[in-house]
>>> print(open('protein23.cif').read())   # mmCIF, C-alpha atoms
data_upload
#
loop_
_atom_site.label_atom_id
_atom_site.label_comp_id
_atom_site.auth_asym_id
_atom_site.auth_seq_id
_atom_site.Cartn_x
_atom_site.Cartn_y
_atom_site.Cartn_z
CA MET A 1 60.71 -111.17 -47.71
CA GLN A 2 59.02 -111.16 -51.12
CA GLN A 3 60.92 -109.44 -53.91
CA THR A 4 59.10 -106.70 -55.78
CA GLN A 5 59.04 -107.25 -59.52
CA ASP A 6 59.50 -104.32 -61.92
CA MET A 7 55.99 -103.94 -63.33
CA SER A 8 56.78 -101.04 -65.69
CA GLN A 9 56.25 -103.29 -68.72
CA ALA A 10 53.30 -105.16 -67.21
CA ARG A 11 50.10 -105.86 -69.11
CA THR A 12 46.57 -105.78 -67.79
CA VAL A 13 44.91 -109.15 -67.41
CA VAL A 14 41.13 -109.44 -67.03
CA LEU A 15 39.88 -112.60 -65.33
CA ALA A 16 36.28 -113.71 -64.88
CA LEU A 17 35.38 -115.83 -61.85
CA GLY A 18 32.24 -117.93 -61.57
CA SER A 19 30.85 -120.47 -59.11
CA ASN A 20 27.55 -122.36 -58.92
CA LEU A 21 28.35 -125.33 -56.67
CA GLY A 22 29.06 -125.48 -52.97
CA GLU A 23 29.75 -122.32 -50.99
CA ARG A 24 29.79 -120.06 -54.03
CA LEU A 25 31.09 -116.89 -52.35
CA ASP A 26 33.81 -118.85 -50.54
CA ASN A 27 34.82 -120.38 -53.87
CA LEU A 28 35.11 -116.94 -55.49
CA GLN A 29 37.11 -115.69 -52.52
CA GLY A 30 39.40 -118.72 -52.68
CA ALA A 31 40.05 -118.10 -56.36
CA LEU A 32 40.71 -114.41 -55.77
CA ASP A 33 43.14 -115.18 -52.94
CA GLY A 34 44.83 -117.91 -54.96
CA LEU A 35 45.47 -115.67 -57.94
CA PHE A 36 47.66 -113.40 -55.81
CA GLU A 37 49.37 -115.87 -53.44
CA ALA A 38 52.37 -116.23 -55.74
CA PRO A 39 54.36 -113.33 -57.19
CA GLY A 40 53.85 -112.15 -60.73
CA MET A 41 50.44 -110.52 -60.58
CA GLU A 42 49.44 -107.23 -58.95
CA LEU A 43 45.74 -106.71 -58.17
CA THR A 44 44.29 -103.49 -59.59
CA GLY A 45 40.55 -104.05 -59.25
CA VAL A 46 37.74 -106.39 -58.17
CA SER A 47 34.16 -105.98 -59.31
CA PRO A 48 31.07 -106.39 -57.19
CA VAL A 49 29.60 -109.91 -57.15
CA TYR A 50 26.68 -110.66 -59.45
CA GLU A 51 24.19 -113.53 -59.44
CA THR A 52 23.35 -114.86 -62.89
CA VAL A 53 21.46 -117.68 -64.54
CA PRO A 54 23.60 -120.25 -66.36
CA VAL A 55 24.25 -119.73 -70.09
CA GLY A 56 24.31 -122.99 -72.05
CA GLY A 57 24.87 -126.44 -70.65
CA PRO A 58 22.54 -128.66 -68.63
CA PRO A 59 20.07 -127.37 -66.01
CA GLN A 60 22.04 -126.17 -63.00
CA PRO A 61 22.04 -123.67 -60.11
CA ASN A 62 22.62 -119.94 -60.55
CA PHE A 63 26.16 -118.58 -60.61
CA LEU A 64 27.94 -115.97 -58.59
CA ASN A 65 30.31 -114.03 -60.87
CA ALA A 66 32.97 -111.36 -60.50
CA VAL A 67 35.73 -109.83 -62.62
CA VAL A 68 39.30 -109.26 -61.45
CA LEU A 69 41.83 -106.89 -63.01
CA ALA A 70 45.56 -107.24 -62.48
CA ARG A 71 48.88 -106.14 -63.90
CA THR A 72 51.31 -108.91 -64.81
CA MET A 73 54.58 -109.68 -66.50
CA LEU A 74 53.54 -113.35 -66.79
CA GLU A 75 53.01 -114.96 -70.18
CA GLY A 76 49.54 -116.25 -71.04
CA ALA A 77 50.55 -119.86 -70.41
CA ALA A 78 51.68 -119.00 -66.88
CA VAL A 79 48.44 -117.14 -66.09
CA LEU A 80 46.47 -120.09 -67.49
CA GLU A 81 48.51 -122.51 -65.37
CA ARG A 82 47.73 -120.45 -62.27
CA ALA A 83 44.01 -120.36 -63.15
CA ARG A 84 43.90 -124.12 -63.75
CA GLY A 85 45.76 -124.77 -60.49
CA ILE A 86 43.13 -122.78 -58.59
CA GLU A 87 40.32 -124.67 -60.32
CA GLU A 88 41.97 -127.98 -59.44
CA ALA A 89 42.51 -126.93 -55.80
CA LEU A 90 38.81 -126.04 -55.56
CA HIS A 91 37.81 -129.41 -57.10
CA ARG A 92 36.71 -128.26 -60.55
CA LEU A 93 35.93 -131.19 -62.84
CA ARG A 94 35.72 -130.83 -66.62
CA ASP A 95 33.46 -133.80 -67.36
CA VAL A 96 30.41 -131.87 -68.71
CA ARG A 97 30.87 -128.96 -71.11
CA TRP A 98 29.39 -125.82 -69.52
CA GLY A 99 28.25 -127.94 -66.59
CA PRO A 100 27.97 -126.89 -62.95
CA ARG A 101 31.25 -126.16 -61.19
CA PRO A 102 32.60 -124.95 -57.86
CA ILE A 103 34.87 -122.47 -59.68
CA ASP A 104 35.65 -121.24 -63.15
CA VAL A 105 38.59 -118.89 -63.78
CA ASP A 106 38.59 -117.54 -67.35
CA ILE A 107 41.20 -115.27 -68.86
CA ILE A 108 39.23 -112.66 -70.80
CA THR A 109 42.10 -110.50 -72.07
CA LEU A 110 45.84 -110.23 -71.53
CA GLY A 111 47.09 -106.85 -72.69
CA GLN A 112 46.77 -106.51 -76.45
CA GLU A 113 47.50 -110.21 -77.00
CA TYR A 114 45.61 -112.21 -79.58
CA SER A 115 45.84 -115.99 -79.50
CA ALA A 116 43.99 -118.69 -81.41
CA ALA A 117 45.64 -121.54 -79.52
CA PRO A 118 43.11 -124.20 -78.48
CA GLU A 119 44.30 -124.11 -74.86
CA LEU A 120 44.13 -120.29 -74.60
CA THR A 121 42.11 -118.17 -77.00
CA LEU A 122 42.53 -114.43 -76.47
CA PRO A 123 40.51 -112.42 -76.14
CA HIS A 124 37.99 -114.90 -74.73
CA PRO A 125 35.84 -115.88 -77.74
CA ARG A 126 32.45 -115.44 -76.06
CA ALA A 127 33.11 -112.60 -73.60
CA HIS A 128 31.34 -110.05 -75.81
CA GLU A 129 28.14 -112.15 -75.60
CA ARG A 130 28.02 -112.56 -71.84
CA ALA A 131 26.49 -110.01 -69.49
CA PHE A 132 27.97 -111.92 -66.52
CA VAL A 133 31.42 -110.86 -67.78
CA LEU A 134 30.62 -107.45 -69.27
CA ARG A 135 28.53 -105.98 -66.41
CA PRO A 136 31.06 -106.59 -63.60
CA TRP A 137 33.92 -105.61 -65.92
CA ALA A 138 32.23 -102.29 -66.71
CA ASP A 139 31.76 -101.69 -62.97
CA VAL A 140 35.45 -102.12 -62.19
CA ASP A 141 36.72 -100.40 -65.38
CA PRO A 142 34.09 -98.14 -67.00
CA ASP A 143 36.43 -97.25 -69.90
CA ALA A 144 37.41 -100.87 -70.71
CA GLU A 145 37.60 -102.12 -74.27
CA LEU A 146 37.40 -105.71 -75.45
CA LEU A 147 39.89 -106.26 -78.26
CA GLY A 148 38.16 -106.63 -81.60
CA HIS A 149 34.73 -105.77 -80.19
CA GLY A 150 34.82 -102.24 -78.76
CA ARG A 151 33.89 -100.58 -75.49
CA VAL A 152 32.57 -102.94 -72.83
CA GLY A 153 29.86 -100.43 -71.87
CA ASP A 154 28.60 -100.39 -75.46
CA LEU A 155 28.64 -104.19 -75.69
CA LEU A 156 26.25 -104.36 -72.73
CA ASP A 157 23.44 -103.04 -74.93
CA ALA A 158 23.53 -106.21 -77.05
CA VAL A 159 23.11 -108.44 -73.97
CA ALA A 160 20.52 -106.33 -72.15
CA ASP A 161 18.12 -109.32 -72.16
CA GLN A 162 20.52 -111.37 -69.96
CA GLU A 163 19.59 -111.00 -66.30
CA VAL A 164 22.39 -110.10 -63.91
CA LEU A 165 21.66 -109.19 -60.29
CA ARG A 166 24.25 -107.20 -58.38
CA ARG A 167 24.74 -108.72 -54.91
CA ASP A 168 26.19 -105.99 -52.72
CA ASP A 169 25.34 -108.22 -49.73
CA LEU A 170 28.07 -110.64 -50.91
CA PRO A 171 31.32 -108.64 -51.01
CA LEU A 172 34.72 -110.09 -51.81
CA ARG A 173 37.66 -109.17 -49.56
CA LEU A 174 40.87 -107.97 -51.12
CA PRO A 175 43.62 -110.57 -50.76
CA GLY A 176 46.47 -110.03 -48.34
#
>>> encode(input="protein23.cif", output="structure tokens")
Amino acid sequence: MQQTQDMSQARTVVLALGSNLGERLDNLQGALDGLFEAPGMELTGVSPVYETVPVGGPPQPNFLNAVVLARTMLEGAAVLERARGIEEALHRLRDVRWGPRPIDVDIITLGQEYSAAPELTLPHPRAHERAFVLRPWADVDPDAELLGHGRVGDLLDAVADQEVLRRDDLPLRLPG
């Protein structure tokens, strides 16, 4: 029987999922399931899936993207370790910067935490420039704010030229 952790002091963590290799929806689902297999994180929201063109990097296939919200007592390093473990399990290679990948799990924010550490910069340094993060995040949390940048809904205006296509035909199942 799994013990229930006291989450009264938990922080909200926002994670962005992306996949453009292999069975993209299955990869997103695998990442979503993997995030909540172990204790320490409580799912509070999952956005719809969006299809987007790649930003930066070499020519590559379109991405499927989603945003996940959770409450956690875990430190940033532990959330990052979980994210990297999921990427490794789904065969993510880091040989080409911004290259194609079966899965990408990015920590966008973790509570009110700021970090300039090279291994984990919080909030994510480019989230405010990316419609593929902002649009699904606004869907799952319309009142969300990105630390240091303002309301997510307002930030969408600056990236209105980035095409994001909502794919209601590709739903994610809630884990469990």
>>> resolve_selection(input="protein23.cif", expression="the PyMOL selection byres ((chain A and resi 67) around 12)", output="ChimeraX atom specification")
/A:13-18,28-29,31-32,43-50,64-66,68-70,104-109,127,131-141,172
>>> closest_residue(input="protein23.cif", among="A:Ala158, A:Leu90, A:Leu120, A:Leu35", to="Gly176 (chain A)", atoms="only C-alpha atoms")
A:Leu35
>>> closest_residue(input="protein23.cif", among="A:Leu21, A:Met73, A:Ala89, A:Val159", to="Pro39 (chain A)", atoms="all atoms listed in the file")
A:Met73
>>> resolve_selection(input="protein23.cif", expression="the PyMOL selection byres ((chain A and resi 41) around 6)", output="NGL selection string")
:A and (39-40 or 42 or 71-72)
>>> residues_around(input="protein23.cif", residues="His91 (chain A)", least_positions_apart="3", cutoff="12 Å", atoms="only C-alpha atoms", output="list of chain:residue names")
A:Ser19, A:Leu21, A:Gly22, A:Asn27, A:Gly30, A:Ala31, A:Arg84, A:Gly85, A:Ile86, A:Glu87, A:Glu88, A:Arg94, A:Asp95, A:Pro100, A:Arg101, A:Pro102, A:Ile103, A:Asp104
>>> closest_residue(input="protein23.cif", among="A:Arg11, A:Glu51, A:Arg126, A:Asp33", to="Arg166 (chain A)", atoms="all atoms listed in the file")
A:Glu51
>>> residues_near_point(input="protein23.cif", point="(15.4, -116.3, -71.9)", cutoff="10 Å", atoms="all atoms listed in the file", output="PyMOL selection string")
chain A and resi 53+55+161-163
>>> atom_distance(input="protein23.cif", atom1="CA of Gln9 (chain A)", atom2="CA of Tyr114 (chain A)")
17.6 Å
>>> atom_distance(input="protein23.cif", atom1="CA of Ala10 (chain A)", atom2="CA of Ala78 (chain A)")
13.9 Å
>>> atom_distance(input="protein23.cif", atom1="CA of His149 (chain A)", atom2="CA of His128 (chain A)")
7.0 Å
>>> closest_residue(input="protein23.cif", among="A:Ala77, A:Arg130, A:Glu119, A:Gly56", to="Ala160 (chain A)", atoms="only C-alpha atoms")
A:Arg130
>>> axis_aligned_box(input="protein23.cif", around="region 155-164 of chain A", padding_each_side="4 Å", output="AutoDock Vina command-line options")
--center_x 23.4 --center_y -107.2 --center_z -70.5 --size_x 18.5 --size_y 16.3 --size_z 21.1
>>> closest_residue(input="protein23.cif", among="A:Glu37, A:Glu75, A:Glu129, A:Glu81", to="Glu113 (chain A)", atoms="all atoms listed in the file")
A:Glu75
>>> resolve_selection(input="protein23.cif", expression="the PyMOL selection byres ((chain A and resi 153) around 8)", output="list in words")
Leu134, Arg135, Ala138, Pro142, Asp143, Ala144, Arg151, Val152, Asp154, Leu155, Leu156 and Asp157 of chain A
>>> residues_around(input="protein23.cif", residues="Gln60 (chain A)", least_positions_apart="2", cutoff="9 Å", atoms="all atoms listed in the file", output="ChimeraX atom specification")
/A:20-21,53-54,57-58,62-63,99-100
>>> closest_residue(input="protein23.cif", among="A:Ala83, A:Leu174, A:Ala116, A:Leu74", to="Thr12 (chain A)", atoms="only C-alpha atoms")
A:Leu74
